[in-house]
Amino acid sequence: MDKSDKRNQLTLKPVELKHLKQFNELLRYVFQVTDSDIEESGYEDEREIVQAKRPVLRSAEVFGWFDQEKLISQIAIYPCEVNIHGNLYKMGGITGVGTYPEYANLGLMNDLIKLSLEQMRKNKQWISYLFPYSIPYYRRKGWEIMSDKMTFKVKDTQLPKPLPVSGYVERLPIDHADVIEVYDQFAKKNHAAMIRNELNWEEYWRWENEEERTAAVYYNENKKPIGFCLYWIAQEVFHIKEIVYLNQEARKGLWNFISAHFSMIQYVKGETFKNEPIAFLFEDSEIKETIEPYFMARIVDVFQFLSHYPFASTGKPFHFCIKDPLAEWNNRIFGMIWDENDHLTITDEPLGHPVHLDIQTFTALMMSYRRPSYLYRIERIQTDLETLRTLERIIPDQEPYFSDYF
């Protein structure tokens with residue numbers, strides 16, 4: 001049977017709750033999830049994780065290719081909300097992506113991705129995030145790296161000395177209301193962060209054994225929670241899953257708490273999700289830090305994304321010329337002009353000088369993952385120097401933070 005015949009016998013349709021077992025079987029196969037992975041995550045068996053995924057499948061929009069009644073390729077759009085430079089955007093999280101190898105190279109995933117973009121646009125999800133199994137593959141589909149994850153390792157002898165603070169730390173369950181409150185405040189202050197609802201928090205802990213995790217919550221002198229550290233201790237290592245603080249007092253107080261474990265541990269290992277090396281904050285900065293790309297993003301609808309974008313300033317008229325490999329509605333000119341009241345109008349007229357770039361670069365630019373001058377220097381943007389200076393002025397200079405996983 002040739003490829004066209006094989007493809008013609010397939011059907012593209014929504015994946016429903018009755019397909020939940022097949023949905024998870026495909027995920028397990030593609031991502032090679034083993035029984036030991038399930039056990040280490042705190043689940044008793046596969047049936048328990050299948051049931052745990054039921055709310056996700058119920059909330060998400062899932063599409064798949066079927067060979068008769070067998071699910072053989074799938075993609076899920078996970079409904080989320082994120083903070084883009086202080087404005088809240090609906091975000092389509094792409095997850096559950098996979099195809100059985102015997103059905104590879106039939107163009108099935110390309111069609112599913114195009115369908116997901118159309119669906120997200122219909123849902124007014126002007127931006128999409130995903131965790132890439134292949135950065136080159138998703139770049140070809142219009143996604144670009146938008147956040148980093150930094151892993152660090154600190155010897156016990158390098159831990160910071162205690163600093164005077166007016167508050168205190170309490171050890172609490174990871175789902176304590178004060179943890180939720182602090183993160184919510186943090187997310188609304190940090191560009192690109194997920195605004196977590198109950199389901200988002202469940203996904204955050206999906207592959208963690210939360211029964212073995214603890215939250216250290218820092219309270220100021222008014223007994224208000226302003227920071228937390230999610231951690232566990234194993235084999236003389238203090239593991240930090242995430243450390244969040246609303247001000248420097250909370251940062252100092254949480255590191256005081258971590259340093260208090262000096263006699264119990266040999267190392268502190270952790271992760272932070274912003275390009276903000278912690279070594280500079282330590283007296284002994286000779287620690288090991290490793291930075292790697294984490295999540296990717298894609299602007300689904302350029303016009304709508306720009307219409308809601310909180311520009312830091314205004315500038316002379318110019319226009320974006322964007323190339324998009326899959327979303328034809330983005331392949332056009334976007335003229336940018338501000339009136340005397342700083343109100344932005346977006347037109348299809350080539351106003352002022354052009355800014356030529358593809359959708360991937362446009363995403364990295366608007367997400368402030370890389371500054372305009374850098375993208376210009378590496379020839380990802382083509383424009384004149386005056387318009388480049390305008391871009392530097394109008395795009396907020398705040399690095400993305402994203403610590404979730406789905």
# chains A, B, ... in the order shown; residues from 1 in each chain; ligands from 1
>>> residues_around(residues="region 382-394 of chain A", least_positions_apart="4", cutoff="9 Å", atoms="only C-alpha atoms", output="PyMOL selection string")
chain A and resi 311-318+352-357+371-373+375-376
>>> select_by_dssp(residues="region 238-403 of chain A", states="alpha helix (DSSP H)", output="PyMOL selection string")
chain A and resi 248-259+302-308+359-366+372-377+385-394
>>> closest_atom_pairs(of="region 163-223 of chain A", to="region 93-97 of chain A", cutoff="12 Å", atoms="only C-alpha atoms", output="tab-separated table")
residue	atom	partner	partner_atom	distance
A:Met194	CA	A:Gly93	CA	10.5
A:Asn200	CA	A:Gly93	CA	11.0
A:Glu203	CA	A:Thr95	CA	11.5
>>> residues_around(residues="Met366 (chain A)", least_positions_apart="2", cutoff="10 Å", atoms="only C-alpha atoms", output="PDB file with N, CA, C and O atoms, in the first residue's frame")
ATOM      1  N   ILE A  84       1.384  38.556  29.575  1.00  0.00           N
ATOM      2  CA  ILE A  84       2.297  39.102  28.580  1.00  0.00           C
ATOM      3  C   ILE A  84       2.543  40.575  28.917  1.00  0.00           C
ATOM      4  O   ILE A  84       1.695  41.432  28.655  1.00  0.00           O
ATOM      5  N   HIS A  85       3.660  40.832  29.565  1.00  0.00           N
ATOM      6  CA  HIS A  85       4.045  42.194  29.951  1.00  0.00           C
ATOM      7  C   HIS A  85       2.929  42.933  30.691  1.00  0.00           C
ATOM      8  O   HIS A  85       2.677  44.120  30.465  1.00  0.00           O
ATOM      9  N   MET A 146      11.272  30.671  23.861  1.00  0.00           N
ATOM     10  CA  MET A 146      10.859  31.911  24.536  1.00  0.00           C
ATOM     11  C   MET A 146      11.263  31.933  26.005  1.00  0.00           C
ATOM     12  O   MET A 146      11.122  32.963  26.669  1.00  0.00           O
ATOM     13  N   ILE A 299       3.150  33.131  18.037  1.00  0.00           N
ATOM     14  CA  ILE A 299       2.025  34.043  17.894  1.00  0.00           C
ATOM     15  C   ILE A 299       1.046  33.408  16.912  1.00  0.00           C
ATOM     16  O   ILE A 299       1.405  33.109  15.774  1.00  0.00           O
ATOM     17  N   PHE A 305      -2.781  39.806  18.426  1.00  0.00           N
ATOM     18  CA  PHE A 305      -1.730  39.875  19.449  1.00  0.00           C
ATOM     19  C   PHE A 305      -1.216  41.306  19.577  1.00  0.00           C
ATOM     20  O   PHE A 305      -1.079  41.838  20.684  1.00  0.00           O
ATOM     21  N   LEU A 306      -0.950  41.946  18.440  1.00  0.00           N
ATOM     22  CA  LEU A 306      -0.484  43.331  18.466  1.00  0.00           C
ATOM     23  C   LEU A 306      -1.536  44.275  19.041  1.00  0.00           C
ATOM     24  O   LEU A 306      -1.214  45.232  19.752  1.00  0.00           O
ATOM     25  N   TYR A 309      -1.276  44.166  22.776  1.00  0.00           N
ATOM     26  CA  TYR A 309       0.083  44.195  23.322  1.00  0.00           C
ATOM     27  C   TYR A 309       0.363  45.515  24.042  1.00  0.00           C
ATOM     28  O   TYR A 309       0.084  46.598  23.511  1.00  0.00           O
ATOM     29  N   PHE A 311       2.612  48.014  24.589  1.00  0.00           N
ATOM     30  CA  PHE A 311       3.873  48.641  24.195  1.00  0.00           C
ATOM     31  C   PHE A 311       4.347  49.604  25.275  1.00  0.00           C
ATOM     32  O   PHE A 311       3.556  50.269  25.935  1.00  0.00           O
ATOM     33  N   THR A 361      10.863  34.705  14.601  1.00  0.00           N
ATOM     34  CA  THR A 361      11.603  35.868  15.100  1.00  0.00           C
ATOM     35  C   THR A 361      10.659  36.898  15.705  1.00  0.00           C
ATOM     36  O   THR A 361      10.964  37.507  16.741  1.00  0.00           O
ATOM     37  N   PHE A 362       9.505  37.076  15.085  1.00  0.00           N
ATOM     38  CA  PHE A 362       8.510  38.003  15.620  1.00  0.00           C
ATOM     39  C   PHE A 362       8.103  37.583  17.030  1.00  0.00           C
ATOM     40  O   PHE A 362       7.953  38.421  17.932  1.00  0.00           O
ATOM     41  N   THR A 363       7.941  36.285  17.242  1.00  0.00           N
ATOM     42  CA  THR A 363       7.575  35.778  18.570  1.00  0.00           C
ATOM     43  C   THR A 363       8.678  36.054  19.577  1.00  0.00           C
ATOM     44  O   THR A 363       8.411  36.551  20.687  1.00  0.00           O
ATOM     45  N   ALA A 364       9.921  35.737  19.223  1.00  0.00           N
ATOM     46  CA  ALA A 364      11.047  35.986  20.135  1.00  0.00           C
ATOM     47  C   ALA A 364      11.163  37.471  20.463  1.00  0.00           C
ATOM     48  O   ALA A 364      11.478  37.860  21.597  1.00  0.00           O
ATOM     49  N   SER A 368      10.158  39.329  24.184  1.00  0.00           N
ATOM     50  CA  SER A 368      11.363  39.875  24.817  1.00  0.00           C
ATOM     51  C   SER A 368      12.356  38.793  25.210  1.00  0.00           C
ATOM     52  O   SER A 368      13.130  38.964  26.156  1.00  0.00           O
ATOM     53  N   TYR A 369      12.325  37.685  24.488  1.00  0.00           N
ATOM     54  CA  TYR A 369      13.340  36.647  24.743  1.00  0.00           C
ATOM     55  C   TYR A 369      14.693  37.129  24.236  1.00  0.00           C
ATOM     56  O   TYR A 369      15.723  36.822  24.825  1.00  0.00           O
ATOM     57  N   ARG A 370      14.680  37.857  23.130  1.00  0.00           N
ATOM     58  CA  ARG A 370      15.890  38.500  22.619  1.00  0.00           C
ATOM     59  C   ARG A 370      15.537  39.926  22.190  1.00  0.00           C
ATOM     60  O   ARG A 370      14.453  40.172  21.675  1.00  0.00           O
ATOM     61  N   ARG A 371      16.472  40.840  22.402  1.00  0.00           N
ATOM     62  CA  ARG A 371      16.226  42.235  22.092  1.00  0.00           C
ATOM     63  C   ARG A 371      16.330  42.489  20.592  1.00  0.00           C
ATOM     64  O   ARG A 371      17.020  41.763  19.856  1.00  0.00           O
ATOM     65  N   PRO A 372      15.664  43.553  20.095  1.00  0.00           N
ATOM     66  CA  PRO A 372      15.694  43.864  18.663  1.00  0.00           C
ATOM     67  C   PRO A 372      17.107  44.004  18.096  1.00  0.00           C
ATOM     68  O   PRO A 372      17.401  43.501  17.005  1.00  0.00           O
ATOM     69  N   LEU A 391      11.991  50.071  17.743  1.00  0.00           N
ATOM     70  CA  LEU A 391      11.657  48.766  18.321  1.00  0.00           C
ATOM     71  C   LEU A 391      12.261  48.616  19.710  1.00  0.00           C
ATOM     72  O   LEU A 391      11.614  48.103  20.634  1.00  0.00           O
ATOM     73  N   ILE A 395       9.299  48.079  22.767  1.00  0.00           N
ATOM     74  CA  ILE A 395       9.088  46.709  23.264  1.00  0.00           C
ATOM     75  C   ILE A 395       9.611  46.610  24.687  1.00  0.00           C
ATOM     76  O   ILE A 395      10.786  46.902  24.949  1.00  0.00           O
ATOM     77  N   PRO A 396       8.781  46.221  25.647  1.00  0.00           N
ATOM     78  CA  PRO A 396       9.207  46.158  27.051  1.00  0.00           C
ATOM     79  C   PRO A 396      10.428  45.262  27.231  1.00  0.00           C
ATOM     80  O   PRO A 396      10.554  44.221  26.588  1.00  0.00           O
ATOM     81  N   ASP A 397      11.314  45.688  28.109  1.00  0.00           N
ATOM     82  CA  ASP A 397      12.543  44.945  28.385  1.00  0.00           C
ATOM     83  C   ASP A 397      12.379  44.144  29.674  1.00  0.00           C
ATOM     84  O   ASP A 397      12.878  44.525  30.725  1.00  0.00           O
TER      85      ASP A 397
END
>>> closest_residue(among="A:Pro79, A:Arg206, A:Ala193, A:His319", to="Gln125 (chain A)", atoms="only C-alpha atoms")
A:Pro79
>>> residues_around(residues="region 247-256 of chain A", least_positions_apart="2", cutoff="7 Å", atoms="only C-alpha atoms", output="list in words")
Pro162, Leu163, Val165, Tyr168, Tyr218, Ile226, Gly227, Cys229, Tyr245, Ile258, Ser259 and Ala260 of chain A
>>> write_last_selection(atoms="C-alpha atoms", output="PDB file, in the first residue's frame")
ATOM      1  CA  PRO A 162      22.306  34.231  57.242  1.00  0.00           C
ATOM      2  CA  LEU A 163      21.103  37.775  56.611  1.00  0.00           C
ATOM      3  CA  VAL A 165      15.196  39.722  57.993  1.00  0.00           C
ATOM      4  CA  TYR A 168       9.953  33.997  59.330  1.00  0.00           C
ATOM      5  CA  TYR A 218       8.191  33.123  53.977  1.00  0.00           C
ATOM      6  CA  ILE A 226       5.577  36.930  50.196  1.00  0.00           C
ATOM      7  CA  GLY A 227       7.643  33.965  49.021  1.00  0.00           C
ATOM      8  CA  CYS A 229      10.365  27.400  48.122  1.00  0.00           C
ATOM      9  CA  TYR A 245       9.673  35.647  45.983  1.00  0.00           C
ATOM     10  CA  ILE A 258      17.916  26.660  52.971  1.00  0.00           C
ATOM     11  CA  SER A 259      21.289  27.465  54.595  1.00  0.00           C
ATOM     12  CA  ALA A 260      19.920  26.286  57.949  1.00  0.00           C
TER      13      ALA A 260
END
>>> select_by_dssp(residues="region 50-293 of chain A", states="strand (DSSP E)", output="PyMOL selection string")
chain A and resi 61-67+70-84+87-99+127-130+144-145+148-155+168-172+214-219+225-234+237-245+267-272+288-293
>>> write_last_selection(atoms="C-alpha atoms", output="CSV table (one decimal), in the first residue's frame")
chain,number,residue,atom,x,y,z
A,61,GLU,CA,-9.6,20.2,22.7
A,62,VAL,CA,-8.0,17.1,21.2
A,63,PHE,CA,-7.9,16.1,17.6
A,64,GLY,CA,-6.6,12.9,16.1
A,65,TRP,CA,-6.2,10.8,13.1
A,66,PHE,CA,-8.0,7.4,13.3
A,67,ASP,CA,-7.4,4.2,11.4
A,70,LYS,CA,-7.7,3.1,16.4
A,71,LEU,CA,-6.2,6.5,17.4
A,72,ILE,CA,-2.9,6.7,15.6
A,73,SER,CA,-1.9,10.4,15.7
A,74,GLN,CA,-3.0,13.2,18.0
A,75,ILE,CA,-2.6,16.8,19.3
A,76,ALA,CA,-4.2,18.6,22.3
A,77,ILE,CA,-4.9,22.3,22.9
A,78,TYR,CA,-4.7,22.9,26.6
A,79,PRO,CA,-6.6,26.1,27.6
A,80,CYS,CA,-4.4,28.4,29.6
A,81,GLU,CA,-3.9,32.0,30.6
A,82,VAL,CA,-0.6,33.9,30.7
A,83,ASN,CA,0.8,37.3,31.6
A,84,ILE,CA,2.3,39.1,28.6
A,87,ASN,CA,-1.7,42.0,30.1
A,88,LEU,CA,-3.5,38.7,30.4
A,89,TYR,CA,-3.8,36.6,27.2
A,90,LYS,CA,-5.6,33.4,26.6
A,91,MET,CA,-3.0,30.8,25.6
A,92,GLY,CA,-3.3,27.6,23.7
A,93,GLY,CA,-0.9,25.0,25.2
A,94,ILE,CA,0.1,22.4,22.7
A,95,THR,CA,0.6,19.0,24.3
A,96,GLY,CA,-0.1,15.3,23.8
A,97,VAL,CA,1.6,15.4,20.4
A,98,GLY,CA,2.4,12.1,18.9
A,99,THR,CA,2.1,9.6,16.0
A,127,ILE,CA,-0.5,32.9,21.5
A,128,SER,CA,0.6,29.3,22.0
A,129,TYR,CA,3.2,27.6,24.1
A,130,LEU,CA,4.7,24.1,24.0
A,144,GLU,CA,10.5,29.8,18.7
A,145,ILE,CA,12.3,29.5,22.0
A,148,ASP,CA,15.2,29.1,29.6
A,149,LYS,CA,15.7,26.8,32.5
A,150,MET,CA,18.8,27.2,34.6
A,151,THR,CA,19.9,24.4,36.8
A,152,PHE,CA,22.4,25.1,39.6
A,153,LYS,CA,24.4,23.2,42.1
A,154,VAL,CA,25.8,24.7,45.3
A,155,LYS,CA,28.1,23.0,47.8
A,168,TYR,CA,10.0,34.0,59.3
A,169,VAL,CA,9.5,30.7,57.4
A,170,GLU,CA,6.8,28.0,58.0
A,171,ARG,CA,6.9,24.5,56.4
A,172,LEU,CA,3.5,23.8,54.9
A,214,THR,CA,7.3,20.5,51.1
A,215,ALA,CA,6.6,24.2,50.8
A,216,ALA,CA,8.7,26.6,52.8
A,217,VAL,CA,6.6,29.8,53.0
A,218,TYR,CA,8.2,33.1,54.0
A,219,TYR,CA,6.0,35.6,55.9
A,225,PRO,CA,3.1,35.5,52.7
A,226,ILE,CA,5.6,36.9,50.2
A,227,GLY,CA,7.6,34.0,49.0
A,228,PHE,CA,8.0,30.2,48.9
A,229,CYS,CA,10.4,27.4,48.1
A,230,LEU,CA,9.1,24.0,47.0
A,231,TYR,CA,11.6,21.4,47.9
A,232,TRP,CA,12.6,17.9,49.1
A,233,ILE,CA,15.7,16.4,50.7
A,234,ALA,CA,17.1,13.0,49.5
A,237,VAL,CA,20.9,16.8,48.7
A,238,PHE,CA,18.4,19.7,49.1
A,239,HIS,CA,16.4,19.8,45.9
A,240,ILE,CA,14.6,23.0,44.9
A,241,LYS,CA,11.8,22.6,42.4
A,242,GLU,CA,10.9,26.3,42.4
A,243,ILE,CA,11.7,29.3,44.5
A,244,VAL,CA,9.4,32.3,44.2
A,245,TYR,CA,9.7,35.6,46.0
A,267,TYR,CA,24.6,20.0,48.1
A,268,VAL,CA,21.7,22.2,47.0
A,269,LYS,CA,20.4,21.5,43.6
A,270,GLY,CA,17.7,23.5,41.9
A,271,GLU,CA,16.1,25.1,39.0
A,272,THR,CA,15.2,28.7,38.1
A,288,LYS,CA,27.8,25.3,38.7
A,289,GLU,CA,25.0,26.8,36.5
A,290,THR,CA,23.7,25.2,33.4
A,291,ILE,CA,21.3,27.1,31.1
A,292,GLU,CA,19.2,25.3,28.5
A,293,PRO,CA,16.2,26.2,26.3
>>> closest_residue(among="A:Lys189, A:Lys18, A:Lys114, A:Lys323", to="Glu69 (chain A)", atoms="only C-alpha atoms")
A:Lys18
>>> atom_distance(atom1="CA of Ile113 (chain A)", atom2="CA of Phe406 (chain A)")
16.9 Å
>>> residues_around(residues="Tyr138 (chain A)", least_positions_apart="2", cutoff="12 Å", atoms="only C-alpha atoms", output="number ranges by chain")
A: 94, 97, 109-110, 113, 128-136, 140-145, 295-298, 325-326, 359-360
>>> decode(residues="region 158-233 of chain A", atoms="C-alpha atoms", output="PDB file, in the first residue's frame")
ATOM      1  CA  GLN A 158      29.062  27.852  49.496  1.00  0.00           C
ATOM      2  CA  LEU A 159      25.653  28.506  50.997  1.00  0.00           C
ATOM      3  CA  PRO A 160      25.070  32.165  51.852  1.00  0.00           C
ATOM      4  CA  LYS A 161      25.540  33.315  55.415  1.00  0.00           C
ATOM      5  CA  PRO A 162      22.306  34.231  57.242  1.00  0.00           C
ATOM      6  CA  LEU A 163      21.103  37.775  56.611  1.00  0.00           C
ATOM      7  CA  PRO A 164      18.879  39.794  58.958  1.00  0.00           C
ATOM      8  CA  VAL A 165      15.196  39.722  57.993  1.00  0.00           C
ATOM      9  CA  SER A 166      12.110  40.737  59.949  1.00  0.00           C
ATOM     10  CA  GLY A 167       9.949  37.767  58.912  1.00  0.00           C
ATOM     11  CA  TYR A 168       9.953  33.997  59.330  1.00  0.00           C
ATOM     12  CA  VAL A 169       9.461  30.715  57.432  1.00  0.00           C
ATOM     13  CA  GLU A 170       6.847  28.020  57.967  1.00  0.00           C
ATOM     14  CA  ARG A 171       6.872  24.534  56.424  1.00  0.00           C
ATOM     15  CA  LEU A 172       3.478  23.823  54.897  1.00  0.00           C
ATOM     16  CA  PRO A 173       1.767  21.450  52.446  1.00  0.00           C
ATOM     17  CA  ILE A 174       2.467  22.275  48.805  1.00  0.00           C
ATOM     18  CA  ASP A 175      -1.212  22.994  48.138  1.00  0.00           C
ATOM     19  CA  HIS A 176      -1.579  25.441  51.031  1.00  0.00           C
ATOM     20  CA  ALA A 177      -3.632  28.531  50.212  1.00  0.00           C
ATOM     21  CA  ASP A 178      -0.669  30.823  50.951  1.00  0.00           C
ATOM     22  CA  VAL A 179       1.440  29.055  48.305  1.00  0.00           C
ATOM     23  CA  ILE A 180      -1.335  29.593  45.765  1.00  0.00           C
ATOM     24  CA  GLU A 181      -1.712  33.254  46.779  1.00  0.00           C
ATOM     25  CA  VAL A 182       2.000  34.039  46.511  1.00  0.00           C
ATOM     26  CA  TYR A 183       2.327  32.384  43.122  1.00  0.00           C
ATOM     27  CA  ASP A 184      -0.735  34.226  41.806  1.00  0.00           C
ATOM     28  CA  GLN A 185       0.792  37.571  42.793  1.00  0.00           C
ATOM     29  CA  PHE A 186       4.133  36.534  41.350  1.00  0.00           C
ATOM     30  CA  ALA A 187       2.642  35.409  38.020  1.00  0.00           C
ATOM     31  CA  LYS A 188       0.808  38.698  37.592  1.00  0.00           C
ATOM     32  CA  LYS A 189       4.116  40.560  38.032  1.00  0.00           C
ATOM     33  CA  ASN A 190       6.275  38.346  35.810  1.00  0.00           C
ATOM     34  CA  HIS A 191       6.071  38.420  32.041  1.00  0.00           C
ATOM     35  CA  ALA A 192       5.200  35.108  30.285  1.00  0.00           C
ATOM     36  CA  ALA A 193       4.185  33.323  33.513  1.00  0.00           C
ATOM     37  CA  MET A 194       1.201  30.980  33.658  1.00  0.00           C
ATOM     38  CA  ILE A 195      -1.845  32.180  35.590  1.00  0.00           C
ATOM     39  CA  ARG A 196      -2.535  28.836  37.268  1.00  0.00           C
ATOM     40  CA  ASN A 197      -6.022  27.544  37.924  1.00  0.00           C
ATOM     41  CA  GLU A 198      -6.721  24.311  39.796  1.00  0.00           C
ATOM     42  CA  LEU A 199      -6.119  22.147  36.723  1.00  0.00           C
ATOM     43  CA  ASN A 200      -2.838  23.956  35.948  1.00  0.00           C
ATOM     44  CA  TRP A 201      -1.631  23.211  39.469  1.00  0.00           C
ATOM     45  CA  GLU A 202      -2.543  19.540  38.994  1.00  0.00           C
ATOM     46  CA  GLU A 203      -0.498  19.456  35.775  1.00  0.00           C
ATOM     47  CA  TYR A 204       2.370  21.242  37.550  1.00  0.00           C
ATOM     48  CA  TRP A 205       2.639  18.267  39.925  1.00  0.00           C
ATOM     49  CA  ARG A 206       1.662  15.570  37.394  1.00  0.00           C
ATOM     50  CA  TRP A 207       5.051  13.871  37.209  1.00  0.00           C
ATOM     51  CA  GLU A 208       6.153  14.705  40.743  1.00  0.00           C
ATOM     52  CA  ASN A 209       5.609  12.677  43.878  1.00  0.00           C
ATOM     53  CA  GLU A 210       3.971  15.551  45.720  1.00  0.00           C
ATOM     54  CA  GLU A 211       3.605  13.534  48.918  1.00  0.00           C
ATOM     55  CA  GLU A 212       7.374  13.859  49.314  1.00  0.00           C
ATOM     56  CA  ARG A 213       7.481  17.597  48.545  1.00  0.00           C
ATOM     57  CA  THR A 214       7.289  20.455  51.054  1.00  0.00           C
ATOM     58  CA  ALA A 215       6.590  24.180  50.778  1.00  0.00           C
ATOM     59  CA  ALA A 216       8.669  26.608  52.832  1.00  0.00           C
ATOM     60  CA  VAL A 217       6.622  29.819  52.952  1.00  0.00           C
ATOM     61  CA  TYR A 218       8.191  33.123  53.977  1.00  0.00           C
ATOM     62  CA  TYR A 219       6.026  35.596  55.922  1.00  0.00           C
ATOM     63  CA  ASN A 220       6.921  39.236  56.538  1.00  0.00           C
ATOM     64  CA  GLU A 221       6.566  40.949  59.910  1.00  0.00           C
ATOM     65  CA  ASN A 222       2.878  41.565  59.161  1.00  0.00           C
ATOM     66  CA  LYS A 223       2.389  37.796  58.732  1.00  0.00           C
ATOM     67  CA  LYS A 224       1.770  38.221  55.019  1.00  0.00           C
ATOM     68  CA  PRO A 225       3.128  35.455  52.737  1.00  0.00           C
ATOM     69  CA  ILE A 226       5.577  36.930  50.196  1.00  0.00           C
ATOM     70  CA  GLY A 227       7.643  33.965  49.021  1.00  0.00           C
ATOM     71  CA  PHE A 228       7.953  30.195  48.943  1.00  0.00           C
ATOM     72  CA  CYS A 229      10.365  27.400  48.122  1.00  0.00           C
ATOM     73  CA  LEU A 230       9.081  23.998  46.950  1.00  0.00           C
ATOM     74  CA  TYR A 231      11.650  21.371  47.906  1.00  0.00           C
ATOM     75  CA  TRP A 232      12.556  17.889  49.062  1.00  0.00           C
ATOM     76  CA  ILE A 233      15.650  16.355  50.674  1.00  0.00           C
TER      77      ILE A 233
END
